[in-house]
Amino acid sequence: MRMRYLSVMPAAVAALSLLALSWTPVSAQEKGKNGEKTPYPGAVRPTKAPPPGPPGPVPHMQDGKPDFSGIWNAQRQLPGDPEPEMLPWAAALTKQRTENYSADDPEARCVPGGVPRATPYHVQMVQTPALLLFLFEGNIHTFRQVFLDRKEHLKITEPLWYGDSIGHWEGDTLVVDTIGFNDKFWFDMAGHPHTTQLEVIERYRRRDFGNLDVEVTIKDPGAYTKPWVQHRVATLETDWDVLEYVCNENNQDPGRLVGDKH
Amino acid sequence: MRVRLTNGVIAIGAVLAVLLFTGPPAPGQSGKKEGPAPRAADGKVDLTGVWIVSGSPNLPSDPAYRPEALKLYNERKASGGKGDPEKACLPNGVVRIEALPYKIVQTPKLVVLLSEGNTHSYRRFFLDGRPHNLEIEPNSWNGNSIGHWEGDTLVVDTVGFNDATWLDSTGKPHSEELHVIERYRRPDLGHLAIEYTLEDPQAFSKPYTFSRTLTLVTGRDLHEYFCAMDSFAGK
C-alpha cells in the first residue's frame with residue numbers, strides 16, 4: 001500500500017530530518033540536564049527562538065491590508081510561555097499520552113492535525129480580501145479556510161477538524177476566531193487534549209517581510225482551568241515550495257506507530 | 001457511501017464530517033445563478049466560486065489507447081475496478097473528478113482549486129510566468145501546473161504526473177508522459193466550461209479531447225471531508 005515514489009523522496013528526507021529534530025528532545029527529555037525525570041516526556045518546550053526570516057518591508061494588498069501570502073515554515077512555538085493549567089482528567093490524559101510516546105497520535109494516522117497544531121511542514125498562505133487560505137504540505141495535504149467576509153459563525157451541527165474560522169482586522173493584526181471543533185485531534189505531540197467547547201483565537205501579525213508573529217489563545221473550559229496562550233513565529237521561505245505529501249501513500253511518520261495497538 | 005470499519009489492518013476508514021448549516025450564504029453566493037461572469041480587480045474574468053460537475057464525471061469516451069495501455073484498461077474493467085486509488089484515499093489527479101463540489105480561489109498570480117471530496121486537497125496553477133519545474137517532484141499525483149490568460153480563457157498546462165491515477169472511475173490508464181491542457185472559461189455567472197486536451201504518446205496513439213461543464217453552487221461552501229486509511233479515523 002505504501003508505495004514509494006521518487007518524487008516524494010526529497011520531501012521525505014526533509015520531513016524526516018525535521019521530525020528527527022523535533023523528536024530528539026522526546027527521548028532527551030526523559031532525563032533532564034540534572035538527571036531528573038520530567039513528568040511529560042513528550043512535552044517538548046522550545047528553549048530558543050528559531051532563526052529569523054528574511055528582512056524587508058511588509059507587502060500589502062490592494063486594499064491596504066498586510067498580505068500574508070507566501071510559503072511559510074510552519075509556526076514554531078517561542079520559549080517562555082507558561083504551561084497550561086489543565087483540569088485533572090486532561091492532565092492525566094496528557095501524561096498518559098506522552099508517557100506512551102504519543103503512539104496514538106491521530107496526526108500520525110493521516111487525519112488532520114486540527115487547530116492550532118504546528119507541523120514541521122511548509123504551509124502556503126493565500127490571501128484575498130474575502131478569504132485567507134492555508135494550503136498544508138502535511139500532515140495531510142489539505143487546506144483550511146478563514147472567511148474574512150463573514151462576521152457570524154455558521155451553525156455547526158457536526159463538529160469539524162478545522163472548525164469554522166472567521167477573521168477580522170484589528171489594525172495590521174488579523175484576528176481569527178474558530179469554533180465548532182471535534183475533540184479528536186491533539187494540540188501537540190505531548191497529547192494536550194480538548195473538548196468540543198474549544199474556541200481558538202489566533203492573532204496574526206506580519207512583523208516584517210520574513211516573520212509572521214502568531215499569538216494563539218486556547219479557550220476550553222472543558223479541559224483547561226483558564227485560557228492558554230502560546231506565542232509562535234512562522235518564517236518566510238523564499239527558496240522552496242510546498243510539496244505534494246500524500247500521507248496515505250507514504251506515511252512519513254511511521255516511527256510512532258511502533259507502539260500502535262490498533 | 002463510505003463505511004468505516006473498526007477492525008483489521010486493511011480496513012479503510014473514512015472520516016466524513018459534514019458541515020450542515022443554516023447560516024448566511026457564502027460570499028458571492030447570493031443564490032443568483034444568472035448574469036454576466038464577474039471580473040476580478042485586474043480585469044480578468046473571475047473564476048472564483050464553488051462549482052459542481054454537470055452530468056457524469058467520467059470521460060465521455062475512451063482515448064485511442066495503444067495496446068499495452070488498452071490491456072491494462074481492460075484488466076481494470078474486468079476486475080470490477082480493483083486497485084482503484086480513490087478507494088484507498090489516494091489522490092484522483094487532475095483529469096478524474098468527483099460529483100462533489102470544487103472551489104476556485106483566484107488571485108492574479110495564483111489560482112487554487114480546492115476539492116471537497118477525494119483527498120480534500122488542492123491544486124495550484126502558477127500564473128507568475130514561471131516555467132514547469134520538475135526538479136524536486138518529477139512525478140506527482142497532481143503534476144506541476146502553470147497557467148496563463150488567453151483573453152477570457154485561463155489555459156492551464158500540467159506535466160510531471162505519476163502513472164498511478166486513473167483518468168476516471170472506470171480505470172482509464174495513462175503514463176507518466178501525460179500532458180494535460182485545461183482551458184477554463186466562465187461564459188456567464190452560473191457556468192464554468194473546461195476543455196481538456198490530453199496528450200500521452202506512450203499510452204495514446206493520438207491526443208484526446210473532451211469538455212466538461214460545471215455549474216455554480218450557491219448557498220454553501222465546501223464541506224469538510226477526510227478520507228483516512230485505518231481504523232483510527234473515527235476515534
# chains A, B, ... in the order shown; residues from 1 in each chain; ligands from 1
>>> closest_atom_pairs(of="stretch 58-126 of chain B", to="stretch 236-243 of chain A", cutoff="12 Å", atoms="only C-alpha atoms", output="Markdown table")
| residue | atom | partner | partner_atom | distance |
| --- | --- | --- | --- | --- |
| B:Tyr122 | CA | A:Val242 | CA | 11.5 |
| B:Arg123 | CA | A:Leu243 | CA | 11.2 |
| B:Arg124 | CA | A:Val242 | CA | 10.2 |
| B:Phe126 | CA | A:Asp241 | CA | 11.8 |
>>> select_by_dssp(residues="stretch 18-160 of chain B", states="strand (DSSP E)", output="NGL selection string")
:B and (49-53 or 102-106 or 110-115 or 122-126 or 144-150 or 153-159)
>>> write_last_selection(atoms="N, CA and C atoms", output="compact mmCIF listing (two decimals), in the first residue's frame")
# COMPACT_ATOMS: atom_id res chain seq x y z
N GLY B 49 -15.40 30.69 -7.12
CA GLY B 49 -16.73 30.21 -6.80
C GLY B 49 -16.69 28.73 -6.46
N VAL B 50 -17.83 28.23 -6.04
CA VAL B 50 -17.98 26.81 -5.75
C VAL B 50 -18.71 26.18 -6.93
N TRP B 51 -18.13 25.09 -7.45
CA TRP B 51 -18.61 24.50 -8.70
C TRP B 51 -18.83 23.01 -8.56
N ILE B 52 -19.83 22.51 -9.31
CA ILE B 52 -20.04 21.06 -9.33
C ILE B 52 -20.31 20.62 -10.76
N VAL B 53 -19.80 19.44 -11.11
CA VAL B 53 -19.90 18.99 -12.49
C VAL B 53 -21.35 18.69 -12.85
N TYR B 102 -16.24 21.60 -6.05
CA TYR B 102 -14.87 22.12 -6.07
C TYR B 102 -14.98 23.64 -5.86
N LYS B 103 -13.90 24.23 -5.42
CA LYS B 103 -13.91 25.68 -5.24
C LYS B 103 -12.68 26.27 -5.88
N ILE B 104 -12.88 27.32 -6.65
CA ILE B 104 -11.75 28.04 -7.24
C ILE B 104 -11.54 29.33 -6.46
N VAL B 105 -10.29 29.58 -6.09
CA VAL B 105 -9.90 30.85 -5.46
C VAL B 105 -8.88 31.48 -6.40
N GLN B 106 -9.23 32.62 -6.95
CA GLN B 106 -8.39 33.23 -7.97
C GLN B 106 -7.68 34.46 -7.45
N LEU B 110 -1.80 33.38 -8.78
CA LEU B 110 -2.02 32.00 -8.33
C LEU B 110 -3.51 31.71 -8.31
N VAL B 111 -3.87 30.62 -8.94
CA VAL B 111 -5.25 30.15 -8.86
C VAL B 111 -5.23 28.81 -8.12
N VAL B 112 -6.10 28.69 -7.13
CA VAL B 112 -6.15 27.46 -6.34
C VAL B 112 -7.48 26.76 -6.59
N LEU B 113 -7.40 25.47 -6.81
CA LEU B 113 -8.59 24.65 -6.99
C LEU B 113 -8.70 23.71 -5.80
N LEU B 114 -9.72 23.94 -4.98
CA LEU B 114 -9.92 23.13 -3.78
C LEU B 114 -10.94 22.04 -4.08
N SER B 115 -10.73 20.88 -3.50
CA SER B 115 -11.65 19.76 -3.73
C SER B 115 -12.30 19.36 -2.42
N TYR B 122 -5.90 20.11 -2.79
CA TYR B 122 -5.89 21.30 -3.63
C TYR B 122 -4.92 21.13 -4.79
N ARG B 123 -5.20 21.89 -5.85
CA ARG B 123 -4.23 22.08 -6.93
C ARG B 123 -3.88 23.55 -6.99
N ARG B 124 -2.66 23.84 -7.46
CA ARG B 124 -2.24 25.24 -7.62
C ARG B 124 -1.84 25.46 -9.08
N PHE B 125 -2.38 26.53 -9.65
CA PHE B 125 -1.99 26.94 -11.00
C PHE B 125 -1.14 28.20 -10.85
N PHE B 126 0.11 28.10 -11.23
CA PHE B 126 1.01 29.25 -11.10
C PHE B 126 0.89 30.14 -12.33
N ASN B 144 2.56 19.29 -12.17
CA ASN B 144 3.00 20.67 -11.98
C ASN B 144 2.24 21.53 -12.99
N SER B 145 1.48 22.51 -12.48
CA SER B 145 0.55 23.27 -13.33
C SER B 145 0.97 24.73 -13.44
N ILE B 146 1.11 25.21 -14.67
CA ILE B 146 1.31 26.63 -14.90
C ILE B 146 0.17 27.13 -15.78
N GLY B 147 -0.18 28.39 -15.59
CA GLY B 147 -1.32 28.92 -16.33
C GLY B 147 -1.06 30.29 -16.91
N HIS B 148 -1.84 30.63 -17.92
CA HIS B 148 -1.81 31.99 -18.45
C HIS B 148 -3.18 32.30 -19.06
N TRP B 149 -3.45 33.58 -19.20
CA TRP B 149 -4.73 34.00 -19.76
C TRP B 149 -4.60 34.20 -21.27
N GLU B 150 -5.55 33.66 -21.99
CA GLU B 150 -5.71 33.99 -23.41
C GLU B 150 -7.07 34.64 -23.53
N THR B 153 -9.96 33.29 -21.32
CA THR B 153 -9.76 31.86 -21.06
C THR B 153 -8.48 31.65 -20.26
N LEU B 154 -8.60 30.93 -19.17
CA LEU B 154 -7.42 30.55 -18.40
C LEU B 154 -6.92 29.21 -18.92
N VAL B 155 -5.70 29.21 -19.44
CA VAL B 155 -5.11 28.00 -20.01
C VAL B 155 -4.13 27.43 -18.98
N VAL B 156 -4.37 26.20 -18.58
CA VAL B 156 -3.55 25.57 -17.55
C VAL B 156 -2.85 24.36 -18.16
N ASP B 157 -1.55 24.35 -18.04
CA ASP B 157 -0.72 23.31 -18.66
C ASP B 157 -0.07 22.49 -17.55
N THR B 158 -0.28 21.19 -17.56
CA THR B 158 0.20 20.35 -16.47
C THR B 158 0.99 19.16 -16.99
N VAL B 159 2.17 18.98 -16.43
CA VAL B 159 3.03 17.82 -16.72
C VAL B 159 3.59 17.30 -15.39
>>> closest_residue(among="B:Glu182, B:Glu137, B:Glu177, B:Glu98", to="chain A", atoms="only C-alpha atoms")
B:Glu137
>>> residues_around(residues="A:Gln197", least_positions_apart="6", cutoff="9 Å", atoms="only C-alpha atoms", output="PyMOL selection string")
chain A and resi 179-183+219-223
>>> residues_around(residues="B:Ile194", least_positions_apart="6", cutoff="6 Å", atoms="only C-alpha atoms", output="mmCIF file with N, CA and C atoms, in the first residue's frame")
data_model
loop_
_atom_site.group_PDB
_atom_site.id
_atom_site.type_symbol
_atom_site.label_atom_id
_atom_site.label_comp_id
_atom_site.auth_asym_id
_atom_site.auth_seq_id
_atom_site.Cartn_x
_atom_site.Cartn_y
_atom_site.Cartn_z
ATOM 1 N N ARG B 183 -8.566 24.347 -20.486
ATOM 2 C CA ARG B 183 -8.959 25.713 -20.860
ATOM 3 C C ARG B 183 -10.242 26.059 -20.098
ATOM 4 N N TYR B 184 -10.112 26.962 -19.116
ATOM 5 C CA TYR B 184 -11.231 27.329 -18.243
ATOM 6 C C TYR B 184 -11.896 28.604 -18.761
ATOM 7 N N SER B 211 -14.776 17.875 -23.059
ATOM 8 C CA SER B 211 -15.088 19.073 -22.280
ATOM 9 C C SER B 211 -16.084 18.748 -21.175
ATOM 10 N N ARG B 212 -16.058 19.593 -20.178
ATOM 11 C CA ARG B 212 -16.978 19.453 -19.054
ATOM 12 C C ARG B 212 -17.634 20.799 -18.792
#
